[in-house]
Structure formats: structure tokens, C-alpha cells
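File shown: coords.pdb (PDB, C-alpha atoms).
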```pdb
ATOM      1  CA  MET N 697       1.772 -16.092  25.273  1.00  0.00           C
ATOM      2  CA  GLY N 698      -0.645 -17.700  22.819  1.00  0.00           C
ATOM      3  CA  ARG N 699      -1.460 -16.855  19.303  1.00  0.00           C
ATOM      4  CA  ASP N 700      -4.751 -16.511  17.562  1.00  0.00           C
ATOM      5  CA  ILE N 701      -5.935 -17.480  14.120  1.00  0.00           C
ATOM      6  CA  HIS N 702      -7.993 -15.047  12.085  1.00  0.00           C
ATOM      7  CA  VAL N 703     -10.252 -16.479   9.402  1.00  0.00           C
ATOM      8  CA  ALA N 704     -12.163 -14.888   6.558  1.00  0.00           C
ATOM      9  CA  ILE N 705     -14.305 -16.734   4.040  1.00  0.00           C
ATOM     10  CA  VAL N 706     -14.785 -15.384   0.520  1.00  0.00           C
ATOM     11  CA  ILE N 707     -17.044 -16.573  -2.279  1.00  0.00           C
ATOM     12  CA  ARG N 708     -16.893 -15.870  -5.993  1.00  0.00           C
ATOM     13  CA  ASN N 709     -19.334 -13.246  -7.205  1.00  0.00           C
ATOM     14  CA  THR N 710     -20.213 -14.205 -10.785  1.00  0.00           C
ATOM     15  CA  GLU N 711     -21.436 -10.676 -11.574  1.00  0.00           C
ATOM     16  CA  THR N 712     -18.279  -8.796 -10.571  1.00  0.00           C
ATOM     17  CA  GLY N 713     -15.665 -11.533 -10.980  1.00  0.00           C
ATOM     18  CA  TYR N 714     -14.286 -10.735  -7.515  1.00  0.00           C
ATOM     19  CA  TYR N 715     -14.556 -12.747  -4.342  1.00  0.00           C
ATOM     20  CA  ASP N 716     -16.790 -11.201  -1.673  1.00  0.00           C
ATOM     21  CA  LYS N 717     -16.401 -11.721   2.053  1.00  0.00           C
ATOM     22  CA  ILE N 718     -19.063 -13.897   3.674  1.00  0.00           C
ATOM     23  CA  GLU N 719     -20.094 -12.246   6.921  1.00  0.00           C
ATOM     24  CA  ILE N 720     -22.654 -12.761   9.640  1.00  0.00           C
ATOM     25  CA  PHE N 721     -23.434  -9.893  11.989  1.00  0.00           C
ATOM     26  CA  ASN N 722     -24.729  -9.758  15.537  1.00  0.00           C
ATOM     27  CA  LYS N 723     -26.361  -6.687  17.000  1.00  0.00           C
ATOM     28  CA  LYS N 724     -24.578  -5.463  20.150  1.00  0.00           C
ATOM     29  CA  LYS N 725     -26.279  -2.469  21.685  1.00  0.00           C
ATOM     30  CA  ASP N 726     -26.680   0.021  18.841  1.00  0.00           C
ATOM     31  CA  LYS N 727     -24.234  -1.403  16.320  1.00  0.00           C
ATOM     32  CA  TYR N 728     -23.674  -4.541  14.312  1.00  0.00           C
ATOM     33  CA  VAL N 729     -20.533  -6.575  14.941  1.00  0.00           C
ATOM     34  CA  SER N 730     -19.109  -9.196  12.576  1.00  0.00           C
ATOM     35  CA  ILE N 731     -19.029 -12.724  13.974  1.00  0.00           C
ATOM     36  CA  ASN N 732     -15.682 -14.461  13.493  1.00  0.00           C
ATOM     37  CA  PRO N 733     -16.063 -17.683  11.462  1.00  0.00           C
ATOM     38  CA  TYR N 734     -13.552 -19.448  13.714  1.00  0.00           C
ATOM     39  CA  ASP N 735     -12.563 -18.193  17.153  1.00  0.00           C
ATOM     40  CA  ILE N 736     -11.272 -21.342  18.844  1.00  0.00           C
ATOM     41  CA  ARG N 737      -7.652 -21.936  19.848  1.00  0.00           C
ATOM     42  CA  ASN N 738      -6.327 -25.302  18.770  1.00  0.00           C
ATOM     43  CA  HIS N 739      -2.563 -25.857  18.671  1.00  0.00           C
ATOM     44  CA  GLU N 740      -2.808 -28.930  16.416  1.00  0.00           C
ATOM     45  CA  LEU N 741      -4.999 -27.105  13.903  1.00  0.00           C
ATOM     46  CA  PHE N 742      -2.657 -24.102  13.950  1.00  0.00           C
ATOM     47  CA  LYS N 743       0.275 -26.394  13.133  1.00  0.00           C
ATOM     48  CA  LEU N 744      -1.623 -28.007  10.240  1.00  0.00           C
ATOM     49  CA  LEU N 745      -2.681 -24.671   8.800  1.00  0.00           C
ATOM     50  CA  GLU N 746       0.768 -23.201   9.215  1.00  0.00           C
ATOM     51  CA  ASP N 747       2.817 -26.101   7.834  1.00  0.00           C
ATOM     52  CA  ASP N 748       0.894 -28.933   6.199  1.00  0.00           C
ATOM     53  CA  ILE N 749      -2.136 -27.683   4.278  1.00  0.00           C
ATOM     54  CA  PRO N 750      -1.723 -27.067   0.497  1.00  0.00           C
ATOM     55  CA  TRP N 751      -1.844 -23.314   1.036  1.00  0.00           C
ATOM     56  CA  ASN N 752      -0.705 -20.338  -0.982  1.00  0.00           C
ATOM     57  CA  GLN N 753       0.524 -16.996   0.209  1.00  0.00           C
ATOM     58  CA  LEU N 754      -2.454 -14.657   0.380  1.00  0.00           C
ATOM     59  CA  HIS N 755      -2.940 -12.520  -2.708  1.00  0.00           C
ATOM     60  CA  THR N 756      -5.546  -9.787  -2.706  1.00  0.00           C
ATOM     61  CA  THR N 757      -6.015  -9.294  -6.466  1.00  0.00           C
ATOM     62  CA  PHE N 758      -9.019 -11.638  -6.604  1.00  0.00           C
ATOM     63  CA  LEU N 759     -10.821 -10.017  -3.651  1.00  0.00           C
ATOM     64  CA  ALA N 760     -13.476  -7.322  -3.864  1.00  0.00           C
ATOM     65  CA  PRO N 761     -11.550  -3.997  -3.765  1.00  0.00           C
ATOM     66  CA  SER N 762     -12.932  -2.843  -0.399  1.00  0.00           C
ATOM     67  CA  PHE N 763     -12.041  -6.149   1.270  1.00  0.00           C
ATOM     68  CA  ALA N 764      -8.638  -6.256  -0.450  1.00  0.00           C
ATOM     69  CA  LYS N 765      -7.903  -2.850   1.075  1.00  0.00           C
ATOM     70  CA  GLU N 766      -8.977  -4.107   4.518  1.00  0.00           C
ATOM     71  CA  ILE N 767      -6.685  -7.146   4.225  1.00  0.00           C
ATOM     72  CA  GLN N 768      -3.785  -4.980   3.055  1.00  0.00           C
ATOM     73  CA  GLU N 769      -4.203  -2.752   6.116  1.00  0.00           C
ATOM     74  CA  ILE N 770      -4.145  -5.808   8.383  1.00  0.00           C
ATOM     75  CA  LYS N 771      -1.038  -7.137   6.595  1.00  0.00           C
ATOM     76  CA  ASN N 772       0.689  -3.832   7.366  1.00  0.00           C
ATOM     77  CA  THR N 773      -0.129  -4.098  11.076  1.00  0.00           C
ATOM     78  CA  ILE N 774       2.688  -5.230  13.348  1.00  0.00           C
ATOM     79  CA  GLY N 775       2.034  -8.581  15.009  1.00  0.00           C
ATOM     80  CA  TYR N 776       0.125 -10.270  12.184  1.00  0.00           C
ATOM     81  CA  PHE N 777       1.923 -12.903  10.108  1.00  0.00           C
ATOM     82  CA  ASN N 778       1.640 -15.935   7.776  1.00  0.00           C
ATOM     83  CA  PHE N 779      -1.193 -14.676   5.589  1.00  0.00           C
ATOM     84  CA  LYS N 780      -2.426 -17.645   3.566  1.00  0.00           C
ATOM     85  CA  GLU N 781      -5.271 -18.741   1.347  1.00  0.00           C
ATOM     86  CA  VAL N 782      -6.642 -22.145   0.463  1.00  0.00           C
ATOM     87  CA  ASN N 783      -9.432 -23.123  -1.865  1.00  0.00           C
ATOM     88  CA  PHE N 784     -12.228 -24.785   0.099  1.00  0.00           C
ATOM     89  CA  ALA N 785     -12.387 -27.732  -2.344  1.00  0.00           C
ATOM     90  CA  ASP N 786      -8.650 -28.338  -1.857  1.00  0.00           C
ATOM     91  CA  LEU N 787      -9.068 -28.163   1.904  1.00  0.00           C
ATOM     92  CA  ARG N 788     -11.858 -30.731   1.826  1.00  0.00           C
ATOM     93  CA  ASN N 789      -9.820 -32.992  -0.475  1.00  0.00           C
ATOM     94  CA  TYR N 790      -6.850 -32.727   1.887  1.00  0.00           C
ATOM     95  CA  LEU N 791      -9.070 -33.917   4.746  1.00  0.00           C
ATOM     96  CA  MET N 792     -10.441 -36.777   2.646  1.00  0.00           C
ATOM     97  CA  CYS N 793      -6.861 -37.956   2.012  1.00  0.00           C
ATOM     98  CA  ASN N 794      -5.803 -37.331   5.630  1.00  0.00           C
ATOM     99  CA  PRO N 795      -8.786 -38.184   7.872  1.00  0.00           C
ATOM    100  CA  THR N 796      -6.579 -38.911  10.882  1.00  0.00           C
ATOM    101  CA  THR N 797      -3.448 -37.439  12.370  1.00  0.00           C
ATOM    102  CA  LEU N 798      -1.061 -38.256  15.170  1.00  0.00           C
ATOM    103  CA  ASP N 799      -1.175 -36.229  18.362  1.00  0.00           C
ATOM    104  CA  ASP N 800       1.882 -35.270  20.412  1.00  0.00           C
ATOM    105  CA  ASN N 801       1.877 -38.738  22.022  1.00  0.00           C
ATOM    106  CA  MET N 802       1.835 -40.432  18.577  1.00  0.00           C
ATOM    107  CA  VAL N 803      -1.756 -41.601  19.067  1.00  0.00           C
ATOM    108  CA  GLU N 804      -3.938 -41.610  15.963  1.00  0.00           C
ATOM    109  CA  LYS N 805      -6.989 -39.362  16.195  1.00  0.00           C
ATOM    110  CA  THR N 806      -9.458 -37.494  14.008  1.00  0.00           C
ATOM    111  CA  ASN N 807      -7.789 -34.764  12.004  1.00  0.00           C
ATOM    112  CA  PRO N 808      -8.666 -31.422  13.700  1.00  0.00           C
ATOM    113  CA  LEU N 809      -9.217 -30.036  10.223  1.00  0.00           C
ATOM    114  CA  LYS N 810     -12.527 -31.963  10.192  1.00  0.00           C
ATOM    115  CA  PHE N 811     -13.996 -29.728  12.901  1.00  0.00           C
ATOM    116  CA  PHE N 812     -12.570 -26.592  11.264  1.00  0.00           C
ATOM    117  CA  ILE N 813     -14.254 -27.494   7.958  1.00  0.00           C
ATOM    118  CA  GLU N 814     -17.552 -28.344   9.692  1.00  0.00           C
ATOM    119  CA  ARG N 815     -17.511 -24.947  11.406  1.00  0.00           C
ATOM    120  CA  ILE N 816     -16.843 -23.170   8.111  1.00  0.00           C
ATOM    121  CA  GLU N 817     -19.606 -25.126   6.352  1.00  0.00           C
ATOM    122  CA  TYR N 818     -22.034 -24.204   9.128  1.00  0.00           C
ATOM    123  CA  TYR N 819     -21.033 -20.529   8.884  1.00  0.00           C
ATOM    124  CA  ILE N 820     -21.500 -20.511   5.091  1.00  0.00           C
ATOM    125  CA  GLU N 821     -24.893 -22.192   5.352  1.00  0.00           C
ATOM    126  CA  PHE N 822     -26.040 -19.875   8.160  1.00  0.00           C
ATOM    127  CA  ALA N 823     -25.029 -16.883   6.023  1.00  0.00           C
ATOM    128  CA  GLY N 824     -27.488 -18.114   3.390  1.00  0.00           C
ATOM    129  CA  TYR N 825     -25.216 -19.857   0.904  1.00  0.00           C
ATOM    130  CA  GLU N 826     -26.943 -23.216   0.800  1.00  0.00           C
ATOM    131  CA  TYR N 827     -25.943 -24.008  -2.769  1.00  0.00           C
ATOM    132  CA  TYR N 828     -22.357 -23.370  -3.727  1.00  0.00           C
ATOM    133  CA  TYR N 829     -19.402 -25.087  -5.291  1.00  0.00           C
ATOM    134  CA  PRO N 830     -16.563 -25.587  -2.809  1.00  0.00           C
ATOM    135  CA  SER N 831     -14.173 -24.482  -5.563  1.00  0.00           C
ATOM    136  CA  ASP N 832     -15.894 -21.050  -5.553  1.00  0.00           C
ATOM    137  CA  ILE N 833     -14.843 -20.441  -1.951  1.00  0.00           C
ATOM    138  CA  TYR N 834     -11.487 -19.504  -0.473  1.00  0.00           C
ATOM    139  CA  ILE N 835     -10.529 -19.591   3.176  1.00  0.00           C
ATOM    140  CA  LEU N 836      -8.138 -16.792   4.106  1.00  0.00           C
ATOM    141  CA  TYR N 837      -6.290 -17.016   7.381  1.00  0.00           C
ATOM    142  CA  TRP N 838      -3.470 -15.420   9.299  1.00  0.00           C
ATOM    143  CA  PHE N 839      -2.016 -15.481  12.775  1.00  0.00           C
ATOM    144  CA  ASP N 840      -1.092 -12.983  15.462  1.00  0.00           C
ATOM    145  CA  ASN N 841       0.809 -13.116  18.687  1.00  0.00           C
TER     146      ASN N 841
END
```

Let me see the structure of the file written as C-alpha cells.
Amino acid sequence: MGRDIHVAIVIRNTETGYYDKIEIFNKKKDKYVSINPYDIRNHELFKLLEDDIPWNQLHTTFLAPSFAKEIQEIKNTIGYFNFKEVNFADLRNYLMCNPTTLDDNMVEKTNPLKFFIERIEYYIEFAGYEYYYPSDIYILYWFDN
């Protein structure tokens, strides 16, 4: 049985002081469905995000109230675990200091975090946030099984 990673990206709203969720929608039939920023399974990335990244336990006090409520409901759902947050600038700095990693066979390769960050950057840009400070963005993530 595998596990999935769930990712949400939030950006600081200077008017409200809260962090708003960045979302892209796709129309499916008669309704709009949110597109997941990261929907790829990668065991090595999961391990990094779970154990090695300079993460914090996820707090909801800085999130926009409606999104904080949504996250709290997910946290109370059985099967979801390890709710974490990381500032995007810290994540990028971590990659800069750790550009490679060892795979299971102890062979050096590109850190899988590189592709995760590229995907997040693409998502943010596609959502229309071309100019932003990485420190104004948090990546929230959690796992399920």
C-alpha cells in the first residue's frame, strides 16, 4: 500500500496579513476542480520531506480563516498524518546547500527536491504570481496512507 503527499501553496496577502492559498482550477463538465500542485509519487522525495527538510509542524494561525478551517478539517480526518510547513525560501536554500543526494544504492544523483521546487515554481507562475519573494510563500504538505 502506497502513500500520497498532499501539497498546498500559500502566499502572504499584504492587505489582510494572512496567507492565501494559491489555486489553479480546471473545468470538468459543469464544475471547476482544483489542480493539485504536486501529484507525483516519489519515495525519495517523501523521505526528504518527512525527515530531512527544515520543516515545522503545520500551524494554521497564519492562514486565511477559510483555508485554516479546511486544513483543520483535514487534520481531523483519519488517515492523514505529518502535517508540515516550510518557507519556500528555506526550501530553496536547503536545495542550494544539498544539490545532490545518495540513492538506495549509494549512488550520487540530483536531489529530487530540485524537481519538486521546479514544479511548485511553475504552478506559482501559472497562477499569475510572476513577481514574489520566496520568503512570502509557504509550502504546506501532509501524507496519507

Evaluate the PyMOL selection byres ((chain N and resi 767) around 12) here and jot the selected residues down as a PyMOL selection string.
chain N and resi 702-704+717+754-766+768-773+776-777+779-780+836-838

Let me know the residues the PyMOL selection byres ((chain N and resi 741) around 12) catches in the file above, as a PyMOL selection string.
chain N and resi 700-701+734+736-740+742-749+797-799+806-813

Using only C-alpha atoms for the distances, tell me which of N:Pro830, N:Gly824, N:Pro795, N:Gly775 is nearest to Arg699 (chain N).
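Under the stated criterion, the closest residue is N:Gly775.
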
Between CA of Ile707 (chain N) and CA of Ile720 (chain N), measure the distance and give it in Å to one decimal.
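If I compute the distance from CA of Ile707 (chain N) to CA of Ile720 (chain N), I get 13.7 Å.
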
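When you apply the PyMOL selection byres ((chain N and resi 718) around 6) to this structure, what comes back is Ile705, Val706, Lys717 and Glu719 of chain N.
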
Computed gap from CA of Asn794 (chain N) to CA of Ile835 (chain N) is 18.5 Å

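Each of N:Ile774, N:Ser730, N:Lys723, N:Asn709 was checked against Ala823 (chain N) using all atoms listed in the file; the smallest atom-to-atom distance is that of N:Ser730.
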
Edge lengths and centre in Å to one decimal, as JSON, of the axis-aligned box that encloses all listed atoms of region 747-751 of chain N with 5 Å added on every side?
```
{"center_x": 0.3, "center_y": -26.1, "center_z": 4.2, "size_x": 15.0, "size_y": 15.6, "size_z": 17.3}
```

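Counting from CA of Lys724 (chain N), the distance to CA of Asn841 (chain N) is 26.6 Å.
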
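Of the residues under consideration (N:Ser831, N:Thr712, N:Met802, N:Ile816), N:Ser831 shows the shortest atom-to-atom contact distance to Asn789 (chain N) when counting all atoms listed in the file.
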
Neighbour list for Glu814 (chain N) as JSON, numbers by chain, cut-off 12 Å, all atoms listed in the file, skip fewer than 6 positions in-chain:
{"N": [733, 734, 784, 787, 788, 791, 807, 808, 820, 821]}

The selected residues should be written to file as an mmCIF file, in the coordinates of the input (atoms: C-alpha atoms).
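Writing the result to selection-v6.cif gives the following:
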```
data_model
loop_
_atom_site.group_PDB
_atom_site.id
_atom_site.type_symbol
_atom_site.label_atom_id
_atom_site.label_comp_id
_atom_site.auth_asym_id
_atom_site.auth_seq_id
_atom_site.Cartn_x
_atom_site.Cartn_y
_atom_site.Cartn_z
ATOM 1 C CA PRO N 733 -16.063 -17.683 11.462
ATOM 2 C CA TYR N 734 -13.552 -19.448 13.714
ATOM 3 C CA PHE N 784 -12.228 -24.785 0.099
ATOM 4 C CA LEU N 787 -9.068 -28.163 1.904
ATOM 5 C CA ARG N 788 -11.858 -30.731 1.826
ATOM 6 C CA LEU N 791 -9.070 -33.917 4.746
ATOM 7 C CA ASN N 807 -7.789 -34.764 12.004
ATOM 8 C CA PRO N 808 -8.666 -31.422 13.700
ATOM 9 C CA ILE N 820 -21.500 -20.511 5.091
ATOM 10 C CA GLU N 821 -24.893 -22.192 5.352
#
```
